[in-house]
>>> print(open('structure-v2.cif').read())   # mmCIF, C-alpha atoms
data_final
loop_
_atom_site.label_atom_id
_atom_site.label_comp_id
_atom_site.auth_asym_id
_atom_site.auth_seq_id
_atom_site.Cartn_x
_atom_site.Cartn_y
_atom_site.Cartn_z
CA MET R 1 -49.13 31.93 -95.36
CA ALA R 2 -48.49 35.63 -95.44
CA MET R 3 -44.90 36.76 -95.31
CA ALA R 4 -45.60 39.07 -92.37
CA VAL R 5 -46.94 36.17 -90.29
CA GLU R 6 -43.86 34.08 -91.06
CA ILE R 7 -41.56 36.90 -90.02
CA LEU R 8 -43.52 37.42 -86.80
CA VAL R 9 -43.46 33.71 -85.96
CA SER R 10 -39.73 33.40 -86.60
CA PHE R 11 -39.04 36.49 -84.56
CA LEU R 12 -41.03 35.11 -81.62
CA ILE R 13 -39.37 31.69 -81.82
CA LEU R 14 -35.91 33.23 -81.94
CA THR R 15 -36.67 35.50 -78.98
CA GLY R 16 -38.02 32.54 -77.02
CA ALA R 17 -35.02 30.37 -77.85
CA THR R 18 -32.60 33.16 -76.88
CA PHE R 19 -34.19 33.66 -73.47
CA THR R 20 -34.36 29.95 -72.76
CA LEU R 21 -30.67 29.70 -73.67
CA ILE R 22 -29.83 32.62 -71.36
CA GLY R 23 -31.70 30.86 -68.55
CA SER R 24 -29.55 27.78 -69.05
CA ILE R 25 -26.37 29.85 -69.23
CA GLY R 26 -27.41 31.36 -65.89
CA LEU R 27 -27.67 27.90 -64.42
CA VAL R 28 -24.01 27.25 -65.34
CA ARG R 29 -22.53 30.63 -64.55
CA LEU R 30 -24.14 31.67 -61.28
CA GLN R 31 -22.28 30.84 -58.11
CA ASP R 32 -24.59 29.32 -55.51
CA PHE R 33 -27.91 27.52 -55.29
CA TYR R 34 -29.93 30.60 -54.35
CA THR R 35 -28.77 32.77 -57.24
CA ARG R 36 -29.08 29.84 -59.65
CA LEU R 37 -32.72 29.64 -58.69
CA HIS R 38 -33.27 32.95 -60.50
CA GLY R 39 -32.08 31.78 -63.91
CA PRO R 40 -34.70 29.16 -64.70
CA THR R 41 -37.60 30.92 -62.95
CA LYS R 42 -37.16 34.24 -64.74
CA ALA R 43 -35.48 34.04 -68.10
CA THR R 44 -37.60 31.05 -69.04
CA THR R 45 -40.99 32.66 -68.39
CA LEU R 46 -40.40 35.05 -71.28
CA GLY R 47 -38.72 32.27 -73.29
CA VAL R 48 -41.64 29.88 -72.97
CA GLY R 49 -44.07 32.80 -73.31
CA SER R 50 -42.63 33.82 -76.68
CA ILE R 51 -42.62 30.26 -78.03
CA ILE R 52 -46.24 29.78 -76.96
CA LEU R 53 -47.19 33.07 -78.60
CA ALA R 54 -45.44 31.89 -81.78
CA SER R 55 -47.46 28.66 -81.68
CA LEU R 56 -50.67 30.64 -81.17
CA VAL R 57 -49.97 32.92 -84.14
CA PHE R 58 -48.83 30.03 -86.35
CA PHE R 59 -51.84 27.78 -85.79
CA THR R 60 -54.30 30.66 -85.93
CA ALA R 61 -52.89 31.72 -89.30
CA LYS R 62 -52.69 28.14 -90.59
CA THR R 63 -56.18 26.95 -89.68
CA GLY R 64 -57.95 30.29 -89.69
CA VAL R 65 -59.52 29.49 -86.32
CA LEU R 66 -58.29 31.32 -83.24
CA SER R 67 -56.16 28.81 -81.34
CA VAL R 68 -56.23 29.71 -77.67
CA HIS R 69 -55.37 26.61 -75.67
CA GLU R 70 -51.72 27.74 -75.71
CA VAL R 71 -52.80 30.49 -73.32
CA LEU R 72 -53.45 27.76 -70.76
CA ILE R 73 -49.81 26.67 -70.80
CA THR R 74 -48.83 30.23 -69.84
CA LEU R 75 -51.45 30.28 -67.12
CA PHE R 76 -50.34 26.96 -65.61
CA LEU R 77 -46.70 27.99 -65.88
CA PHE R 78 -47.39 31.24 -64.04
CA ILE R 79 -49.15 29.33 -61.28
CA THR R 80 -46.59 26.53 -60.87
CA ALA R 81 -43.26 28.35 -61.42
CA PRO R 82 -43.39 30.48 -58.22
CA VAL R 83 -44.56 27.52 -56.14
CA SER R 84 -41.73 25.27 -57.30
CA ALA R 85 -39.17 28.07 -56.83
CA HIS R 86 -40.51 28.65 -53.33
CA LEU R 87 -40.27 24.97 -52.41
CA LEU R 88 -36.76 24.70 -53.86
CA ALA R 89 -35.67 27.72 -51.79
CA LYS R 90 -37.20 26.24 -48.65
CA ALA R 91 -35.53 22.88 -49.24
CA ALA R 92 -32.18 24.61 -49.82
CA MET R 93 -32.49 26.54 -46.56
CA HIS R 94 -33.42 23.37 -44.74
CA ARG R 95 -30.32 21.65 -46.09
CA GLN R 96 -28.27 24.77 -45.23
CA GLU R 97 -26.90 25.05 -48.73
CA LYS R 98 -23.78 27.21 -49.06
CA LYS R 99 -24.35 30.81 -50.18
CA VAL R 100 -21.84 33.10 -51.89
CA LYS R 101 -19.75 35.14 -49.47
CA ASN R 102 -21.02 38.57 -50.41
CA THR R 103 -24.66 37.64 -49.76
CA HIS R 104 -26.38 40.13 -47.48
CA GLY R 105 -28.54 38.75 -44.70
CA GLU R 106 -29.08 35.17 -43.62
CA PRO R 107 -31.44 32.44 -44.75
CA TRP R 108 -33.78 31.28 -42.02
CA GLY R 109 -33.13 28.08 -40.13
CA GLN R 110 -35.88 25.54 -40.68
CA MET S 1 -76.72 26.80 -51.57
CA LYS S 2 -73.12 27.19 -50.49
CA ARG S 3 -72.66 23.42 -50.30
CA PHE S 4 -74.00 22.72 -53.75
CA TRP S 5 -72.37 25.62 -55.52
CA PRO S 6 -69.41 26.76 -53.39
CA SER S 7 -67.81 29.34 -55.66
CA PRO S 8 -69.49 30.82 -58.74
CA LEU S 9 -66.27 32.54 -59.80
CA LEU S 10 -64.24 29.32 -59.58
CA SER S 11 -66.93 27.53 -61.58
CA LEU S 12 -66.79 30.20 -64.28
CA VAL S 13 -62.99 29.93 -64.46
CA MET S 14 -63.18 26.11 -64.64
CA TRP S 15 -65.76 26.31 -67.40
CA CYS S 16 -63.54 28.63 -69.47
CA LEU S 17 -60.54 26.38 -68.74
CA TRP S 18 -62.46 23.34 -69.97
CA LEU S 19 -63.47 25.02 -73.23
CA LEU S 20 -59.91 26.24 -73.80
CA LEU S 21 -58.45 22.80 -73.04
CA ALA S 22 -60.88 21.11 -75.41
CA ASN S 23 -60.18 23.93 -77.92
CA ASP S 24 -63.68 23.25 -79.21
CA PHE S 25 -66.55 25.64 -78.58
CA SER S 26 -69.44 23.37 -79.57
CA ALA S 27 -72.62 22.99 -77.54
CA GLY S 28 -71.69 19.49 -76.34
CA GLN S 29 -68.40 20.67 -74.87
CA MET S 30 -70.17 23.59 -73.23
CA VAL S 31 -72.63 21.28 -71.46
CA LEU S 32 -69.84 18.92 -70.40
CA GLY S 33 -67.93 22.00 -69.20
CA VAL S 34 -70.85 23.09 -67.04
CA PHE S 35 -70.93 19.63 -65.45
CA PHE S 36 -67.22 19.69 -64.57
CA ALA S 37 -67.37 23.34 -63.49
CA TRP S 38 -70.01 22.28 -60.98
CA LEU S 39 -68.50 18.93 -59.90
CA ILE S 40 -64.85 19.87 -59.35
CA PRO S 41 -65.43 22.85 -56.99
CA VAL S 42 -67.85 20.74 -54.94
CA LEU S 43 -65.37 17.86 -54.63
CA THR S 44 -62.33 20.04 -53.89
CA GLN S 45 -64.12 22.46 -51.58
CA PRO S 46 -62.48 21.12 -48.37
CA PHE S 47 -58.97 21.82 -49.71
CA TRP S 48 -59.47 25.48 -50.60
CA LEU S 49 -58.20 28.37 -48.53
CA SER S 50 -60.99 30.77 -47.76
CA ARG S 51 -60.53 33.52 -50.27
CA PRO S 52 -61.38 37.08 -49.31
CA ARG S 53 -63.94 38.75 -51.56
CA ILE S 54 -62.52 40.79 -54.44
CA GLN S 55 -63.50 44.37 -53.71
CA LYS S 56 -62.20 46.05 -56.84
CA PRO S 57 -62.18 43.80 -59.94
CA TRP S 58 -60.95 46.58 -62.24
CA LYS S 59 -58.03 47.26 -59.97
CA LEU S 60 -57.19 43.53 -60.19
CA LEU S 61 -57.11 43.77 -63.99
CA SER S 62 -54.75 46.75 -64.00
CA PHE S 63 -52.62 45.00 -61.36
CA LEU S 64 -52.31 41.92 -63.61
CA LEU S 65 -51.25 44.14 -66.52
CA LEU S 66 -48.63 45.80 -64.30
CA VAL S 67 -47.32 42.36 -63.25
CA HIS S 68 -47.10 41.19 -66.87
CA ARG S 69 -45.15 44.28 -67.83
CA ASP S 70 -42.83 43.76 -64.86
CA ILE S 71 -42.25 40.13 -65.85
CA VAL S 72 -41.02 41.22 -69.28
CA VAL S 73 -38.78 43.89 -67.73
CA ALA S 74 -37.55 41.34 -65.15
CA ASN S 75 -36.58 38.92 -67.89
CA LEU S 76 -34.48 41.53 -69.66
CA ALA S 77 -32.87 42.65 -66.38
CA VAL S 78 -32.06 39.09 -65.28
CA ALA S 79 -30.74 38.23 -68.76
CA LYS S 80 -28.33 41.16 -68.51
CA LEU S 81 -27.22 40.13 -64.99
CA VAL S 82 -26.68 36.52 -66.02
CA LEU S 83 -24.55 37.50 -69.01
CA GLY S 84 -22.52 40.01 -66.97
CA SER S 85 -19.85 39.09 -64.46
CA PRO S 86 -21.33 36.79 -61.79
CA SER S 87 -18.86 37.99 -59.15
CA ARG S 88 -20.25 41.52 -59.36
CA LEU S 89 -23.72 40.41 -58.24
CA ARG S 90 -24.94 41.51 -54.84
CA PRO S 91 -27.29 38.73 -53.72
CA ALA S 92 -29.21 39.30 -50.50
CA PHE S 93 -31.75 37.72 -48.20
CA VAL S 94 -34.23 40.46 -47.36
CA GLU S 95 -36.93 40.30 -44.72
CA VAL S 96 -40.00 42.15 -45.93
CA PRO S 97 -42.47 43.03 -43.15
CA LEU S 98 -46.05 42.30 -44.24
CA ASP S 99 -49.19 44.32 -43.59
CA ILE S 100 -51.53 41.68 -44.98
CA ARG S 101 -52.28 38.60 -42.88
CA ASP S 102 -54.59 36.61 -45.10
CA ASP S 103 -53.02 33.34 -46.34
CA PHE S 104 -54.52 33.59 -49.81
CA VAL S 105 -53.36 37.18 -50.38
CA ILE S 106 -49.88 36.40 -49.03
CA THR S 107 -49.68 33.49 -51.47
CA MET S 108 -50.55 35.85 -54.32
CA LEU S 109 -47.97 38.40 -53.16
CA ALA S 110 -45.28 35.70 -52.81
CA SER S 111 -46.03 34.37 -56.30
CA VAL S 112 -45.88 37.84 -57.83
CA VAL S 113 -42.58 38.52 -56.07
CA SER S 114 -41.18 35.24 -57.42
CA LEU S 115 -42.26 36.08 -60.97
CA THR S 116 -40.85 39.61 -61.06
CA PRO S 117 -37.47 41.46 -61.06
CA GLY S 118 -34.67 39.24 -59.74
CA THR S 119 -36.49 38.19 -56.58
CA VAL S 120 -37.68 34.82 -55.28
CA SER S 121 -39.80 34.55 -52.16
CA ALA S 122 -38.11 31.94 -50.01
CA ASP S 123 -40.20 31.67 -46.88
CA VAL S 124 -42.90 33.28 -44.78
CA SER S 125 -42.72 33.45 -41.01
CA ARG S 126 -45.08 31.31 -38.94
CA ASP S 127 -47.09 34.30 -37.72
CA ARG S 128 -47.37 35.63 -41.32
CA SER S 129 -45.66 38.90 -40.42
CA VAL S 130 -42.44 38.61 -42.46
CA LEU S 131 -41.73 37.40 -45.99
CA LEU S 132 -38.17 36.25 -46.68
CA VAL S 133 -37.13 37.26 -50.19
CA HIS S 134 -33.92 36.35 -51.97
CA GLY S 135 -32.71 39.03 -54.38
CA LEU S 136 -30.25 38.30 -57.18
CA ASP S 137 -28.69 41.75 -57.29
CA VAL S 138 -29.81 44.17 -54.61
CA ALA S 139 -28.22 47.62 -54.61
CA ASP S 140 -30.35 49.16 -51.88
CA ILE S 141 -32.19 46.89 -49.43
CA PRO S 142 -34.63 49.46 -47.90
CA GLU S 143 -35.54 50.59 -51.41
CA MET S 144 -36.29 47.04 -52.50
CA ILE S 145 -38.55 46.52 -49.47
CA ALA S 146 -40.34 49.80 -50.24
CA THR S 147 -40.81 48.78 -53.89
CA ILE S 148 -42.35 45.41 -52.98
CA LYS S 149 -44.65 47.04 -50.46
CA GLN S 150 -45.80 49.91 -52.67
CA ARG S 151 -45.86 48.24 -56.03
CA TYR S 152 -47.38 44.87 -55.14
CA GLU S 153 -48.60 44.72 -51.56
CA ALA S 154 -50.55 48.00 -51.56
CA PRO S 155 -52.65 47.17 -54.68
CA LEU S 156 -53.36 43.64 -53.39
CA LYS S 157 -54.47 45.11 -50.09
CA GLU S 158 -56.79 47.46 -51.93
CA ILE S 159 -58.18 44.76 -54.26
CA PHE S 160 -59.05 42.36 -51.45
CA GLY S 161 -59.80 45.10 -48.96
CA CYS S 162 -57.84 43.63 -46.06
#
>>> encode(input="structure-v2.cif", output="structure tokens")
Amino acid sequence: MAMAVEILVSFLILTGATFTLIGSIGLVRLQDFYTRLHGPTKATTLGVGSIILASLVFFTAKTGVLSVHEVLITLFLFITAPVSAHLLAKAAMHRQEKKVKNTHGEPWGQ
Amino acid sequence: MKRFWPSPLLSLVMWCLWLLLANDFSAGQMVLGVFFAWLIPVLTQPFWLSRPRIQKPWKLLSFLLLVHRDIVVANLAVAKLVLGSPSRLRPAFVEVPLDIRDDFVITMLASVVSLTPGTVSADVSRDRSVLLVHGLDVADIPEMIATIKQRYEAPLKEIFGC
């Protein structure tokens, strides 16, 4: 495999791993449920996206045939991530989860 | 006609999905794909929200590109916030008044909001007039509302013409 492809794949994997790690760090460091919701829904989209792109480039270069079914993972992720975040937020409001003191505005009662 | 082939666009998308899932573009898979692309929309027809007609397909394409760019920017912004001091964050629940009333378009707007810069859509009011958004770090609430309305709601309104 060409050196350039290997460098590209490693770069993408490292980027993906870094963003996934940052998402997990967010889960630990952020203060309340609502802010924690942002970590996994955001930082991981780019994390997973990069890893999928790496897989696409790797298998395309290895087999010589354009490998595209990785694109579907991105598509499904983009459809499901907002829905699950939305439901988690709704459930948290229903349970009247505590929010950090400096939060502006109020969650709605359910 | 409508009963036997409810949505040509959905069928086309399903057909492409099938070929991508199979990762095999042979004639057999294509025929099988056509069968599923016909069968699944017919079977699931009762569950679908009525979708308004897309008025400007090219606008939709440029909107999707904009959203993808924003997702990348959002990731970098949120990464920086997460690694900074958590006590300096200014989280906020923001009520965004909506101009659009259509369930399908509101769902799209809410999903886009959840995918982009430090915001998660938390709820929508029963009469579909207000979207509750939770922001991770909001410096200026009116500005954030204006951004959501101009950047995402206005193009969606134009694309679906409602």
>>> closest_residue(input="structure-v2.cif", among="R:Glu70, R:Ala81, R:Phe58, R:Phe33", to="Lys98 (chain R)", atoms="only C-alpha atoms")
R:Phe33
>>> resolve_selection(input="structure-v2.cif", expression="the PyMOL selection byres ((chain S) within 10 of (chain R))", output="VMD selection string")
chain S and resid 17 to 24 71 to 95 107 to 108 110 to 125 132 to 138 141
>>> resolve_selection(input="structure-v2.cif", expression="the PyMOL selection byres ((chain S and resi 37) around 8)", output="ChimeraX atom specification")
/S:10-15,33-36,38-41
>>> atom_distance(input="structure-v2.cif", atom1="CA of Val130 (chain S)", atom2="CA of Trp48 (chain S)")
23.0 Å
>>> resolve_selection(input="structure-v2.cif", expression="the PyMOL selection byres ((chain S and resi 102) around 9)", output="list in words")
Arg51, Pro52, Ile100, Arg101, Asp103, Phe104, Val105, Ile106, Thr107, Arg128 and Cys162 of chain S
>>> closest_residue(input="structure-v2.cif", among="S:Arg126, S:Gly161, S:Asp99, S:Trp5", to="Ile148 (chain S)", atoms="only C-alpha atoms")
S:Asp99
>>> residues_around(input="structure-v2.cif", residues="Val9 (chain R)", least_positions_apart="2", cutoff="12 Å", atoms="all atoms listed in the file", output="list in words")
Met1, Ala2, Met3, Ala4, Val5, Glu6, Ile7, Phe11, Leu12, Ile13, Leu14, Thr15, Gly16, Ser50, Ile51, Ile52, Leu53, Ala54, Ser55, Leu56, Val57, Phe58, Phe59, Thr60, Ala61 and Lys62 of chain R
>>> write_last_selection(input="structure-v2.cif", atoms="C-alpha atoms", output="CSV table (one decimal), keeping the file's coordinate frame")
chain,number,residue,atom,x,y,z
R,1,MET,CA,-49.1,31.9,-95.4
R,2,ALA,CA,-48.5,35.6,-95.4
R,3,MET,CA,-44.9,36.8,-95.3
R,4,ALA,CA,-45.6,39.1,-92.4
R,5,VAL,CA,-46.9,36.2,-90.3
R,6,GLU,CA,-43.9,34.1,-91.1
R,7,ILE,CA,-41.6,36.9,-90.0
R,11,PHE,CA,-39.0,36.5,-84.6
R,12,LEU,CA,-41.0,35.1,-81.6
R,13,ILE,CA,-39.4,31.7,-81.8
R,14,LEU,CA,-35.9,33.2,-81.9
R,15,THR,CA,-36.7,35.5,-79.0
R,16,GLY,CA,-38.0,32.5,-77.0
R,50,SER,CA,-42.6,33.8,-76.7
R,51,ILE,CA,-42.6,30.3,-78.0
R,52,ILE,CA,-46.2,29.8,-77.0
R,53,LEU,CA,-47.2,33.1,-78.6
R,54,ALA,CA,-45.4,31.9,-81.8
R,55,SER,CA,-47.5,28.7,-81.7
R,56,LEU,CA,-50.7,30.6,-81.2
R,57,VAL,CA,-50.0,32.9,-84.1
R,58,PHE,CA,-48.8,30.0,-86.4
R,59,PHE,CA,-51.8,27.8,-85.8
R,60,THR,CA,-54.3,30.7,-85.9
R,61,ALA,CA,-52.9,31.7,-89.3
R,62,LYS,CA,-52.7,28.1,-90.6
>>> axis_aligned_box(input="structure-v2.cif", around="region 60-75 of chain S", padding_each_side="3 Å", output="JSON")
{"center_x": -46.9, "center_y": 42.8, "center_z": -64.7, "size_x": 26.6, "size_y": 13.8, "size_z": 15.1}
>>> atom_distance(input="structure-v2.cif", atom1="CA of His68 (chain S)", atom2="CA of Val48 (chain R)")
14.0 Å
>>> atom_distance(input="structure-v2.cif", atom1="CA of Ala139 (chain S)", atom2="CA of Val96 (chain S)")
15.6 Å
>>> decode(input="structure-v2.cif", residues="region 17-130 of chain S", atoms="C-alpha atoms", output="compact mmCIF listing (two decimals), in the first residue's frame")
# COMPACT_ATOMS: atom_id res chain seq x y z
CA LEU S 17 -29.41 1.99 0.76
CA TRP S 18 -29.89 -1.66 -0.19
CA LEU S 19 -27.08 -1.60 -2.74
CA LEU S 20 -24.77 0.16 -0.29
CA LEU S 21 -25.63 -2.29 2.51
CA ALA S 22 -25.01 -5.27 0.25
CA ASN S 23 -21.85 -3.49 -1.00
CA ASP S 24 -22.38 -5.43 -4.22
CA PHE S 25 -23.58 -3.76 -7.40
CA SER S 26 -24.50 -6.86 -9.39
CA ALA S 27 -27.72 -7.23 -11.36
CA GLY S 28 -29.21 -9.71 -8.87
CA GLN S 29 -28.80 -7.31 -5.96
CA MET S 30 -30.28 -4.52 -8.05
CA VAL S 31 -33.44 -6.54 -8.76
CA LEU S 32 -33.74 -7.58 -5.12
CA GLY S 33 -33.22 -3.92 -4.20
CA VAL S 34 -36.08 -2.86 -6.45
CA PHE S 35 -38.34 -5.40 -4.72
CA PHE S 36 -37.51 -4.12 -1.23
CA ALA S 37 -37.64 -0.48 -2.36
CA TRP S 38 -41.21 -1.16 -3.45
CA LEU S 39 -42.31 -3.40 -0.55
CA ILE S 40 -41.00 -1.47 2.47
CA PRO S 41 -42.59 1.94 1.62
CA VAL S 42 -45.92 0.20 0.96
CA LEU S 43 -45.82 -1.66 4.28
CA THR S 44 -44.65 1.31 6.36
CA GLN S 45 -46.85 3.89 4.66
CA PRO S 46 -49.27 4.27 7.63
CA PHE S 47 -46.43 5.26 9.99
CA TRP S 48 -44.99 8.10 7.91
CA LEU S 49 -45.56 11.76 8.62
CA SER S 50 -46.85 13.52 5.55
CA ARG S 51 -43.80 15.18 4.12
CA PRO S 52 -44.15 18.52 2.37
CA ARG S 53 -42.88 18.57 -1.20
CA ILE S 54 -39.27 19.69 -1.66
CA GLN S 55 -39.46 22.93 -3.60
CA LYS S 56 -35.78 23.61 -4.10
CA PRO S 57 -33.61 20.45 -4.26
CA TRP S 58 -30.41 22.41 -4.96
CA LYS S 59 -30.98 24.56 -1.94
CA LEU S 60 -31.32 21.34 0.11
CA LEU S 61 -27.92 20.18 -1.15
CA SER S 62 -26.18 23.43 -0.20
CA PHE S 63 -28.00 23.35 3.16
CA LEU S 64 -26.65 19.84 3.83
CA LEU S 65 -23.13 21.02 3.00
CA LEU S 66 -23.54 23.96 5.39
CA VAL S 67 -24.72 21.58 8.13
CA HIS S 68 -21.75 19.26 7.58
CA ARG S 69 -19.35 22.16 7.83
CA ASP S 70 -21.06 23.34 11.01
CA ILE S 71 -20.83 19.87 12.53
CA VAL S 72 -17.05 19.89 12.09
CA VAL S 73 -16.81 23.40 13.55
CA ALA S 74 -19.14 22.36 16.41
CA ASN S 75 -16.92 19.42 17.25
CA LEU S 76 -13.86 21.63 17.54
CA ALA S 77 -15.76 24.22 19.59
CA VAL S 78 -17.22 21.64 21.97
CA ALA S 79 -13.83 19.91 22.31
CA LYS S 80 -12.32 23.22 23.40
CA LEU S 81 -15.16 23.86 25.89
CA VAL S 82 -14.90 20.37 27.37
CA LEU S 83 -11.14 20.67 27.89
CA GLY S 84 -11.45 24.17 29.38
CA SER S 85 -12.72 24.92 32.87
CA PRO S 86 -16.24 23.47 33.30
CA SER S 87 -17.20 26.13 35.86
CA ARG S 88 -16.76 28.88 33.27
CA LEU S 89 -19.48 27.44 31.02
CA ARG S 90 -22.71 29.38 30.66
CA PRO S 91 -25.35 26.72 30.00
CA ALA S 92 -28.84 27.94 29.18
CA PHE S 93 -32.31 26.75 28.29
CA VAL S 94 -33.44 28.91 25.39
CA GLU S 95 -36.94 29.08 23.95
CA VAL S 96 -36.75 29.54 20.20
CA PRO S 97 -40.02 30.75 18.63
CA LEU S 98 -40.77 28.81 15.43
CA ASP S 99 -42.19 30.10 12.16
CA ILE S 100 -42.61 26.65 10.65
CA ARG S 101 -45.50 24.47 11.82
CA ASP S 102 -45.03 21.30 9.83
CA ASP S 103 -44.07 18.30 12.00
CA PHE S 104 -41.62 16.88 9.48
CA VAL S 105 -39.76 20.18 8.97
CA ILE S 106 -39.65 20.83 12.72
CA THR S 107 -38.13 17.36 13.19
CA MET S 108 -35.45 18.23 10.63
CA LEU S 109 -34.75 21.57 12.31
CA ALA S 110 -34.55 19.93 15.76
CA SER S 111 -32.15 17.27 14.47
CA VAL S 112 -29.92 19.87 12.82
CA VAL S 113 -29.88 21.93 16.02
CA SER S 114 -28.89 18.83 18.01
CA LEU S 115 -26.06 18.02 15.61
CA THR S 116 -24.53 21.50 15.50
CA PRO S 117 -22.64 23.99 17.76
CA GLY S 118 -23.13 23.16 21.44
CA THR S 119 -26.92 22.94 21.27
CA VAL S 120 -29.37 20.09 21.90
CA SER S 121 -33.05 20.48 21.18
CA ALA S 122 -34.83 19.34 24.31
CA ASP S 123 -38.52 19.74 23.60
CA VAL S 124 -41.11 21.29 21.34
CA SER S 125 -44.28 22.86 22.65
CA ARG S 126 -47.61 21.13 22.06
CA ASP S 127 -48.82 23.77 19.60
CA ARG S 128 -45.48 23.58 17.69
CA SER S 129 -44.75 27.26 18.27
CA VAL S 130 -41.67 27.04 20.52
